[in-house]
Every structure is written in structure tokens, then in C-alpha cells.
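Peer 1: Sharing coords.tsv (TSV, C-alpha atoms) below.
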chain	number	residue	atom	x	y	z
A	1	MET	CA	0.00	0.00	0.00
A	2	ASP	CA	1.24	3.50	-0.85
A	3	VAL	CA	1.03	5.18	2.55
A	4	THR	CA	1.69	8.62	1.10
A	5	ALA	CA	-1.72	8.45	-0.56
A	6	MET	CA	-3.30	8.27	2.91
A	7	ALA	CA	-1.73	11.46	4.24
A	8	GLY	CA	-4.97	13.43	4.78
A	9	ASN	CA	-8.03	11.19	4.66
A	10	GLY	CA	-10.22	13.10	7.10
A	11	VAL	CA	-7.50	13.97	9.63
A	12	MET	CA	-7.43	17.19	11.62
A	13	ALA	CA	-4.45	17.90	13.85
A	14	VAL	CA	-4.49	20.04	16.97
A	15	VAL	CA	-1.29	21.64	18.24
A	16	VAL	CA	-1.76	22.84	21.82
A	17	THR	CA	0.51	25.79	22.62
A	18	TYR	CA	1.52	27.63	25.78
A	19	HIS	CA	4.48	30.05	25.63
A	20	PRO	CA	5.95	28.16	22.65
A	21	ASP	CA	9.40	28.50	21.16
A	22	LEU	CA	8.36	30.21	17.93
A	23	ASP	CA	11.18	28.86	15.77
A	24	LEU	CA	10.47	25.32	16.91
A	25	LEU	CA	6.72	25.78	16.49
A	26	ALA	CA	7.29	26.87	12.89
A	27	GLN	CA	9.20	23.63	12.29
A	28	VAL	CA	6.36	21.64	13.86
A	29	LEU	CA	3.81	23.28	11.58
A	30	ASP	CA	6.03	22.70	8.55
A	31	SER	CA	6.13	19.01	9.46
A	32	VAL	CA	2.41	18.50	10.11
A	33	CYS	CA	0.55	20.76	7.68
A	34	PRO	CA	1.41	18.74	4.52
A	35	GLN	CA	0.27	15.50	6.18
A	36	VAL	CA	-3.28	16.34	7.29
A	37	ASP	CA	-6.37	18.06	5.98
A	38	HIS	CA	-6.47	20.78	8.60
A	39	VAL	CA	-4.32	21.98	11.50
A	40	LEU	CA	-5.81	23.81	14.45
A	41	VAL	CA	-3.48	25.64	16.82
A	42	PHE	CA	-5.16	26.00	20.20
A	43	ASP	CA	-3.23	28.57	22.19
A	44	ASN	CA	-3.64	28.72	25.95
A	45	ALA	CA	-3.20	32.47	26.49
A	46	SER	CA	0.42	32.88	25.38
A	47	PRO	CA	1.39	36.55	25.80
A	48	ASP	CA	3.99	36.79	23.02
A	49	PRO	CA	2.62	38.97	20.17
A	50	GLY	CA	5.07	37.23	17.87
A	51	LEU	CA	2.88	34.12	18.02
A	52	GLY	CA	0.04	35.82	16.17
A	53	GLN	CA	2.47	37.16	13.58
A	54	LEU	CA	3.91	33.69	13.05
A	55	LEU	CA	0.55	32.00	12.68
A	56	ALA	CA	-0.68	34.65	10.24
A	57	GLN	CA	1.91	33.63	7.66
A	58	PRO	CA	0.29	32.43	4.42
A	59	ARG	CA	2.68	29.48	4.02
A	60	TRP	CA	0.30	27.23	6.04
A	61	SER	CA	-2.85	27.38	3.95
A	62	ASN	CA	-4.71	24.75	6.00
A	63	LEU	CA	-4.05	26.35	9.40
A	64	GLY	CA	-6.64	27.70	11.82
A	65	VAL	CA	-6.15	29.21	15.28
A	66	ILE	CA	-8.14	29.44	18.50
A	67	TYR	CA	-6.79	31.97	20.99
A	68	SER	CA	-8.02	31.21	24.48
A	69	ALA	CA	-8.25	34.20	26.81
A	70	SER	CA	-7.00	32.07	29.71
A	71	ASN	CA	-5.00	28.87	30.16
A	72	LEU	CA	-7.64	26.13	30.03
A	73	GLY	CA	-5.18	23.26	30.15
A	74	VAL	CA	-4.33	20.49	27.72
A	75	ALA	CA	-7.43	18.37	28.31
A	76	SER	CA	-9.87	21.18	27.57
A	77	ALA	CA	-7.90	22.22	24.48
A	78	ILE	CA	-8.05	18.68	23.09
A	79	ASN	CA	-11.77	18.39	23.83
A	80	GLN	CA	-12.54	21.69	22.13
A	81	ALA	CA	-10.43	20.65	19.14
A	82	ALA	CA	-12.32	17.34	18.94
A	83	ALA	CA	-15.63	19.20	18.92
A	84	HIS	CA	-14.31	21.48	16.16
A	85	ALA	CA	-13.12	18.49	14.11
A	86	ARG	CA	-16.39	16.63	14.55
A	87	GLY	CA	-18.42	19.70	13.62
A	88	ASN	CA	-16.41	20.12	10.42
A	89	GLY	CA	-16.74	16.54	9.25
A	90	TYR	CA	-13.28	15.16	10.03
A	91	GLU	CA	-12.92	11.52	11.01
A	92	HIS	CA	-9.67	11.50	13.02
A	93	LEU	CA	-7.90	13.80	15.45
A	94	LEU	CA	-4.11	13.94	15.65
A	95	VAL	CA	-2.93	15.40	18.96
A	96	LEU	CA	0.41	17.23	19.08
A	97	ASP	CA	2.48	19.17	21.57
A	98	GLN	CA	4.10	22.41	20.47
A	99	ASP	CA	7.55	20.79	20.19
A	100	SER	CA	6.73	17.55	18.35
A	101	LEU	CA	8.40	17.20	14.94
A	102	LEU	CA	6.85	14.61	12.64
A	103	ALA	CA	8.65	12.42	10.15
A	104	ALA	CA	7.36	13.16	6.65
A	105	ASP	CA	5.23	9.99	6.51
A	106	MET	CA	4.22	9.67	10.17
A	107	VAL	CA	0.51	10.37	9.74
A	108	ALA	CA	0.23	8.07	6.74
A	109	HIS	CA	1.73	5.19	8.70
A	110	LEU	CA	-0.60	5.83	11.62
A	111	ARG	CA	-3.58	5.84	9.24
A	112	GLN	CA	-2.39	2.59	7.69
A	113	ALA	CA	-2.24	0.98	11.16
A	114	LEU	CA	-5.81	2.04	11.88
A	115	SER	CA	-7.04	0.54	8.60
A	116	SER	CA	-5.00	-2.69	8.77
A	117	PRO	CA	-6.88	-6.01	8.39
A	118	ASP	CA	-6.97	-6.69	12.14
A	119	ALA	CA	-8.20	-3.18	12.99
A	120	GLY	CA	-11.74	-4.52	13.09
A	121	ALA	CA	-10.90	-7.37	15.47
A	122	ALA	CA	-12.95	-8.24	18.54
A	123	ARG	CA	-11.02	-5.63	20.53
A	124	PRO	CA	-11.02	-2.51	18.34
A	125	ILE	CA	-8.26	0.08	18.27
A	126	ALA	CA	-8.76	3.23	20.32
A	127	ALA	CA	-5.63	5.07	19.18
A	128	VAL	CA	-2.27	4.57	17.51
A	129	GLY	CA	0.97	6.36	18.30
A	130	PRO	CA	4.46	6.77	16.85
A	131	VAL	CA	7.90	5.88	18.13
A	132	PHE	CA	9.47	9.04	19.46
A	133	VAL	CA	13.07	10.09	19.89
A	134	ASP	CA	14.03	12.53	22.64
A	135	ARG	CA	15.60	15.50	20.89
A	136	ARG	CA	18.00	16.23	23.75
A	137	THR	CA	19.38	12.77	24.43
A	138	GLY	CA	18.72	10.92	21.17
A	139	GLU	CA	17.12	8.09	23.18
A	140	VAL	CA	14.28	6.14	21.58
A	141	ALA	CA	11.38	5.80	24.00
A	142	PRO	CA	9.88	2.29	24.23
A	143	PHE	CA	6.22	1.41	24.48
A	144	VAL	CA	5.11	-0.08	27.79
A	145	ARG	CA	3.08	-3.04	29.04
A	146	ILE	CA	2.39	-2.74	32.76
A	147	GLY	CA	3.36	-5.73	34.87
A	148	PRO	CA	2.62	-6.61	38.51
A	149	LEU	CA	6.19	-5.88	39.59
A	150	LEU	CA	8.06	-4.49	36.60
A	151	ASN	CA	6.92	-2.98	33.34
A	152	ARG	CA	7.85	-4.53	30.01
A	153	LYS	CA	9.51	-1.94	27.80
A	154	LEU	CA	8.88	-2.85	24.19
A	155	ALA	CA	11.05	-1.65	21.35
A	156	VAL	CA	9.22	-1.84	18.03
A	157	ALA	CA	11.10	-2.20	14.77
A	158	PRO	CA	10.06	-0.60	11.47
A	159	GLY	CA	7.22	-2.60	9.97
A	160	GLU	CA	6.07	-3.85	13.38
A	161	GLN	CA	3.22	-2.84	15.66
A	162	VAL	CA	2.92	-3.53	19.35
A	163	GLU	CA	0.00	-3.40	21.75
A	164	CYS	CA	0.72	-1.20	24.76
A	165	ASP	CA	-1.05	-0.05	27.90
A	166	PHE	CA	-0.83	3.68	27.27
A	167	LEU	CA	0.20	6.22	24.66
A	168	ILE	CA	1.47	9.74	25.27
A	169	SER	CA	-0.99	12.25	23.87
A	170	SER	CA	1.43	13.88	21.46
A	171	GLY	CA	1.50	11.98	18.20
A	172	SER	CA	-1.61	9.94	19.00
A	173	LEU	CA	-4.13	9.52	16.19
A	174	VAL	CA	-7.65	8.89	17.49
A	175	PRO	CA	-10.82	8.15	15.49
A	176	LEU	CA	-13.41	10.69	16.58
A	177	SER	CA	-16.01	7.92	16.77
A	178	VAL	CA	-13.88	6.20	19.42
A	179	LEU	CA	-13.33	9.45	21.29
A	180	GLU	CA	-17.09	9.91	21.43
A	181	ARG	CA	-17.67	6.41	22.84
A	182	VAL	CA	-14.78	6.38	25.33
A	183	GLY	CA	-15.35	10.00	26.31
A	184	GLY	CA	-13.15	13.05	26.05
A	185	MET	CA	-10.11	13.99	28.06
A	186	ASP	CA	-10.62	14.52	31.79
A	187	GLU	CA	-10.49	18.30	32.20
A	188	SER	CA	-10.18	18.06	35.98
A	189	LEU	CA	-6.61	16.77	35.46
A	190	PHE	CA	-5.76	19.91	33.47
A	191	ILE	CA	-2.38	18.78	32.09
A	192	ASP	CA	-0.31	15.90	33.46
A	193	ASN	CA	-1.48	12.28	33.13
A	194	VAL	CA	-4.41	13.28	30.93
A	195	ASP	CA	-3.17	10.79	28.33
A	196	LEU	CA	-2.56	8.10	30.95
A	197	GLU	CA	-6.09	8.38	32.32
A	198	TRP	CA	-7.66	8.27	28.85
A	199	SER	CA	-5.54	5.26	27.87
A	200	PHE	CA	-6.59	3.39	31.01
A	201	ARG	CA	-10.23	4.26	30.37
A	202	ALA	CA	-10.08	3.11	26.75
A	203	ARG	CA	-8.48	-0.22	27.67
A	204	HIS	CA	-10.98	-0.66	30.51
A	205	GLN	CA	-13.73	-0.39	27.89
A	206	GLY	CA	-12.14	-3.11	25.76
A	207	TYR	CA	-10.09	-1.12	23.28
A	208	ARG	CA	-6.49	-1.63	22.17
A	209	LEU	CA	-3.69	0.90	21.89
A	210	LEU	CA	-0.99	0.34	19.29
A	211	GLY	CA	2.54	1.62	18.89
A	212	VAL	CA	3.54	1.82	15.23
A	213	GLY	CA	7.17	1.15	14.34
A	214	ASN	CA	7.06	2.86	10.95
A	215	ALA	CA	5.71	6.11	12.43
A	216	ARG	CA	8.40	8.37	13.86
A	217	MET	CA	8.46	11.65	15.77
A	218	VAL	CA	11.01	13.80	17.61
A	219	HIS	CA	9.78	14.99	20.98
A	220	ALA	CA	10.94	15.99	24.46
A	221	ILE	CA	9.59	14.96	27.86
A	222	GLY	CA	10.10	17.31	30.79
A	223	ASP	CA	11.58	20.78	31.13
A	224	ARG	CA	15.17	19.55	31.36
A	225	VAL	CA	17.26	16.40	31.52
A	226	TYR	CA	19.21	15.27	34.58
A	227	PRO	CA	22.05	12.84	33.72
A	228	VAL	CA	22.95	10.12	36.24
A	229	THR	CA	25.54	7.32	36.12
A	230	LEU	CA	24.51	4.12	37.92
A	231	PHE	CA	26.69	1.01	37.94
A	232	GLY	CA	28.63	2.38	35.00
A	233	ARG	CA	25.52	3.02	32.95
A	234	ARG	CA	24.60	6.52	31.81
A	235	LEU	CA	20.93	7.34	32.46
A	236	SER	CA	18.85	10.44	31.81
A	237	PHE	CA	15.88	11.56	33.89
A	238	SER	CA	13.35	14.13	32.69
A	239	LEU	CA	12.74	16.88	35.23
A	240	HIS	CA	9.88	19.32	35.68
A	241	GLY	CA	9.44	22.56	37.57
A	242	PRO	CA	7.43	22.92	40.79
A	243	VAL	CA	4.07	23.66	39.16
A	244	ARG	CA	4.28	20.59	36.94
A	245	LEU	CA	5.36	18.55	39.96
A	246	TYR	CA	2.17	19.69	41.66
A	247	TYR	CA	0.04	18.42	38.78
A	248	MET	CA	2.00	15.18	38.40
A	249	THR	CA	1.70	14.37	42.10
A	250	ARG	CA	-1.95	15.37	42.48
A	251	ASN	CA	-3.16	13.68	39.33
A	252	ARG	CA	-1.38	10.39	39.95
A	253	LEU	CA	-2.99	10.16	43.38
A	254	LEU	CA	-6.38	11.03	41.88
A	255	LEU	CA	-5.97	8.15	39.42
A	256	TYR	CA	-5.45	5.67	42.26
A	257	VAL	CA	-9.17	5.71	43.08
A	258	ARG	CA	-10.45	5.49	39.50
A	259	PRO	CA	-12.00	2.10	38.65
A	260	GLN	CA	-10.27	1.96	35.26
A	261	THR	CA	-6.77	2.37	36.72
A	262	PRO	CA	-4.90	-0.98	36.74
A	263	TRP	CA	-3.85	-2.21	40.17
A	264	ALA	CA	-0.49	-3.22	38.71
A	265	TRP	CA	0.20	0.40	37.80
A	266	ILE	CA	-0.90	1.70	41.22
A	267	SER	CA	1.35	-0.77	43.04
A	268	GLN	CA	4.32	0.40	40.98
A	269	ASP	CA	3.48	4.06	41.12
A	270	ILE	CA	3.20	4.53	44.88
A	271	PRO	CA	6.94	3.83	45.37
A	272	ARG	CA	7.70	6.09	42.39
A	273	VAL	CA	5.84	8.99	44.01
A	274	VAL	CA	7.69	8.46	47.31
A	275	LEU	CA	11.07	8.32	45.56
A	276	LYS	CA	10.29	11.38	43.47
A	277	LEU	CA	9.22	13.31	46.57
A	278	ALA	CA	12.52	12.45	48.26
A	279	GLY	CA	14.69	13.00	45.18
A	280	MET	CA	13.20	16.30	44.05
A	281	SER	CA	13.17	17.77	47.55
A	282	LEU	CA	16.67	16.64	48.57
A	283	PHE	CA	18.80	16.66	45.43
A	284	VAL	CA	17.23	18.81	42.70
A	285	ALA	CA	16.90	22.58	42.89
A	286	PRO	CA	14.73	24.41	43.75
A	287	ARG	CA	14.37	21.85	46.55
A	288	TRP	CA	12.01	23.69	48.90
A	289	GLN	CA	9.68	24.78	46.09
A	290	ASN	CA	9.63	21.22	44.73
A	291	LEU	CA	8.72	19.79	48.14
A	292	ARG	CA	6.04	22.36	48.78
A	293	ALA	CA	4.47	21.84	45.34
A	294	MET	CA	4.37	18.06	45.70
A	295	LEU	CA	2.90	18.22	49.22
A	296	HIS	CA	0.33	20.70	47.94
A	297	GLY	CA	-0.55	18.24	45.18
A	298	MET	CA	-0.96	15.42	47.70
A	299	ALA	CA	-3.22	17.56	49.89
A	300	ASP	CA	-5.42	18.56	46.95
A	301	ALA	CA	-5.66	14.93	45.83
A	302	LEU	CA	-6.85	13.90	49.29
A	303	ARG	CA	-9.51	16.63	49.03
A	304	GLY	CA	-10.48	15.32	45.58
A	305	ARG	CA	-9.67	18.73	44.11
A	306	GLY	CA	-8.91	18.96	40.40
A	307	GLY	CA	-8.67	21.79	37.90
A	308	PRO	CA	-5.97	24.46	37.59
A	309	TYR	CA	-3.27	24.97	40.20
A	310	ARG	CA	-4.36	27.12	43.12
A	311	ARG	CA	-1.73	28.66	45.35
Would it be possible to restate this file's structure as C-alpha cells?
Peer 2:
Amino acid sequence: MDVTAMAGNGVMAVVVTYHPDLDLLAQVLDSVCPQVDHVLVFDNASPDPGLGQLLAQPRWSNLGVIYSASNLGVASAINQAAAHARGNGYEHLLVLDQDSLLAADMVAHLRQALSSPDAGAARPIAAVGPVFVDRRTGEVAPFVRIGPLLNRKLAVAPGEQVECDFLISSGSLVPLSVLERVGGMDESLFIDNVDLEWSFRARHQGYRLLGVGNARMVHAIGDRVYPVTLFGRRLSFSLHGPVRLYYMTRNRLLLYVRPQTPWAWISQDIPRVVLKLAGMSLFVAPRWQNLRAMLHGMADALRGRGGPYRR
């Protein structure tokens, strides 16, 4: 099959932006606009006037923009984009972060995976996602199957597909019909773990998630990378600032009580939260702000409080 012939085929992409690097965003739009029918930039109240000037350039003829007056979060942006896509007759939504660079045939390969012969199997596909390479370290991120003690990290070769337990939101291609049945993104989570919660919910309802080896994307997780050498092996950890640590801590605890959250993931994640609390408050600056943000997140989770960060 000629995958390049499937580049559009009813696909709308949403790029969610918040204080983006304008040069990098231009590269992202250059990479996605030729591959889909329409691109919607949903901007969460970025103050830089240069953003409007960039997005007004005529070089992206299939680009539309929604400027939100306030930061509504990633989940709300995706849900509003899905409603826009559905209202304009598109069949699929491609979700992208503002720093995700697509290989020239990424969307076509994702579309091919959705239309493969086994796509109509007893357990239908909820979403497909690409292999992504971290732009700062060059590391290829594996797909994950959650185990009772340890996760299985699955590398997928070109030409292969692998079933996984969750997909990151950026790069995911979702049929709008599936999104309607499973439900939209949980806006109470605002930003972090929105993709994790939706993946768990989709699998709980009997859907599959697939990682596609032929589909490739360059992406970055976290605000910065912290290199560590353990037993002679060089490792890299993605780090976030205090506000993101608040969301990550709060939202993970909120997921513990959701019926669709796998017990295997919860049993693994509780030690991760404890270790992150210790590591970020003892060894990574700004230590006091990190500790305070994570404790704040825990307190809000115990109250069942979602939504945007409140000081």
C-alpha cells in the first residue's frame, strides 16, 4: 500500500501551545501541515505577540487558530479541538504538543495501522501512536506493558506494531467515533497524566492501543534532563518545575481511586511517588519549592480537588 496516498483522509491535527518556542513551532507546523487536511493551533493564552504574527503567515494554507483568553489546560484544548473536528466533518484527530516534529510519513503510517486487516478485530483500536526520539538525548522511548512488579519496555522495529497499555498524547491519532464512545479527556486533570487516564479508560472499555514502528516523531519529555551514572551506565531523567510537579503528584494520586486504573500500575506508582518526593526535595533545585508543590498536590488529591493549580 502506498502510505503517502493516505496522508490526509479526514485527519485534523491540533497543536496545543503555551508560551511556545516560535522557531520550533514553525518547524512543527512545517512538518504536520502537509500530512493532514487541517491543522488547528489551540493557544492557551500565550502573551507573546510574535505568536500571532507567526501563525498569520500564508505558508500554512490549512491552518486555523483558536486563541483562548486564559489557560484552560491540555485536556480542555483537546476536547474543544475534537468538537471542532467533529463539527467540520473530520474523522480523526491527531494530537500534538508544540515541540513535536513529525517524520514526513508519520501520519500516513498511523492511518495505515488504523485501517489494517486486524483493525476490526474483537477488541477494536482506540488510538495509535508513533515511536518518538528525545531530541535532547537521542534516546528512543519504548512502548510499555504494565506488569505486577516491573513494566515490560517494548522496542518496536520498522514494519512492526505492538500493543501497549498507554500512549502519550502527542502523536496519537484517534478516530473521533472512538473518542465519542470512550469520552473526552478529563479536564479536571488539566495537564499531566491526561493521556494516561484516557488510555486506562479506553483499555478498561475493551479497546487496544498500538505503537507503530514505521511512524516516527522527535519529541521531548520534561523541562530539562538530569544525567545520572549508575553502575557504569549513563541514564537520563526528565525533570519538571514545581508547578508541573504539583500536577503530576496530584493527578497520579487522583488516578489511584479510579475504577479503570490498573492495580499493577498503582502498586508500581506509589513507590515512584515516594522516591520522586525524596529526590526532588533533597537533590534537585529548587528543593524547597519542589517539596512544597508536591505536598500541595498530595493535599489537593486527598480533598479530591482537580482543575488548575491554586496557590
Peer 1: Give me, please, the distance in Å between CA of Val95 in chain A and CA of Leu173 in chain A, quoted to one decimal.
Peer 2: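 Computing the Euclidean distance for CA of Val95 in chain A and CA of Leu173 in chain A yields 6.6 Å.
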Peer 1: Taking only C-alpha atoms into account, name the residue in A:Leu275, A:Val178, A:Met298, A:Leu29 that is nearest to Ser100 in chain A.
Peer 2: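 Once distances to Ser100 in chain A are computed over only C-alpha atoms, the minimum belongs to A:Leu29.
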Peer 1: Determine the nearest neighbour of Val11 in chain A from the options A:Pro130, A:Gly64, A:Gly87, A:Pro175, counting all atoms listed in the file.
Peer 2: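 Smallest distance to Val11 in chain A is found for A:Pro175.
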Peer 1: Extract, using all atoms listed in the file, all DNA, RNA and protein residues at most 12 Å from Arg272 in chain A, discarding same-chain residues fewer than 5 positions from it, and format them as JSON, numbers by chain.
Peer 2: {"A": [248, 249, 252, 253, 265, 266, 267, 277, 278, 279, 280]}
Peer 1: Ranking A:Ser61, A:Gln112, A:Ser281, A:Asn79 by minimum distance to Asp186 in chain A and counting all atoms listed in the file, which one comes first?
Peer 2: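 Smallest distance to Asp186 in chain A is found for A:Asn79.
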Peer 1: May I have the residues within 6 Å of Val65 in chain A as a list in words, using all atoms listed in the file and disregarding those fewer than 3 positions away in the same chain?
Peer 2: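 Listing them by chain and then by number gives Leu40, Val41 and Phe42 of chain A.
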Peer 1: Smallest atom-to-atom distance to Arg145 in chain A: which of A:Ile125, A:Leu291, A:Ala104, A:Leu167, using only C-alpha atoms?
Peer 2: A:Leu167
Peer 1: One number please: CA of Leu54 in chain A to CA of Asp37 in chain A, in Å, one decimal.
Peer 2: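 It comes out at 20.0 Å.
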Peer 1: For the point (-8.5, 1.6, 32.1) in file coordinates, what residues are within 9 Å, counting only C-alpha atoms? Give the answer as a ChimeraX atom specification?
Peer 2: /A:165,196-206,258-262
Peer 1: Which distance in Å separates CA of Arg305 in chain A and CA of Arg250 in chain A, to one decimal?
Peer 2: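 So the answer is 8.6 Å.
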Peer 1: What's around Asp134 in chain A at 9 Å? Count all atoms listed in the file, leave out sequence neighbours fewer than 2 positions away in its own chain, and write the answer as a list in words.
Peer 2: Phe132, Arg136, Thr137, Gly138, Glu139, Val140, Ala141, Met217, Val218, His219, Ala220 and Ile221 of chain A
Peer 1: Keeping C-alpha atoms for every residue in the selection just given, could you write it to a file as a tab-separated table (two decimals), in the frame of the given file?
Peer 2:
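Output saved as again.tsv:
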chain	number	residue	atom	x	y	z
A	132	PHE	CA	9.47	9.04	19.46
A	136	ARG	CA	18.00	16.23	23.75
A	137	THR	CA	19.38	12.77	24.43
A	138	GLY	CA	18.72	10.92	21.17
A	139	GLU	CA	17.12	8.09	23.18
A	140	VAL	CA	14.28	6.14	21.58
A	141	ALA	CA	11.38	5.80	24.00
A	217	MET	CA	8.46	11.65	15.77
A	218	VAL	CA	11.01	13.80	17.61
A	219	HIS	CA	9.78	14.99	20.98
A	220	ALA	CA	10.94	15.99	24.46
A	221	ILE	CA	9.59	14.96	27.86
Peer 1: Restricting the calculation to only C-alpha atoms: of A:Ile168, A:Ala215, A:Val243, A:Ala26, which residue gets closest to Asn193 in chain A?
Peer 2: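 That would be A:Ile168, the residue with the smallest distance to Asn193 in chain A.
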Peer 1: So that I can see what lies close to Glu91 in chain A, please list as a PyMOL selection string the residues with an atom at most 8 Å from it, counting only C-alpha atoms and leaving out residues fewer than 3 positions away in the same chain.
Peer 2: chain A and resi 10-12+85-86+175-177
Peer 1: How big is the axis-aligned box, and where does its centre sit, when it encloses all atoms of range 54-70 of chain A listed in the file and has 5 Å added on every side, reported in Å to one decimal as AutoDock Vina command-line options?
Peer 2:
--center_x -2.2 --center_y 29.7 --center_z 16.8 --size_x 22.2 --size_y 19.9 --size_z 35.8
Peer 1: When distances are computed from all atoms listed in the file, which of A:Val14, A:Leu51, A:Ala69, A:Ile78 shows the smallest separation from Val39 in chain A?
Peer 2: A:Val14
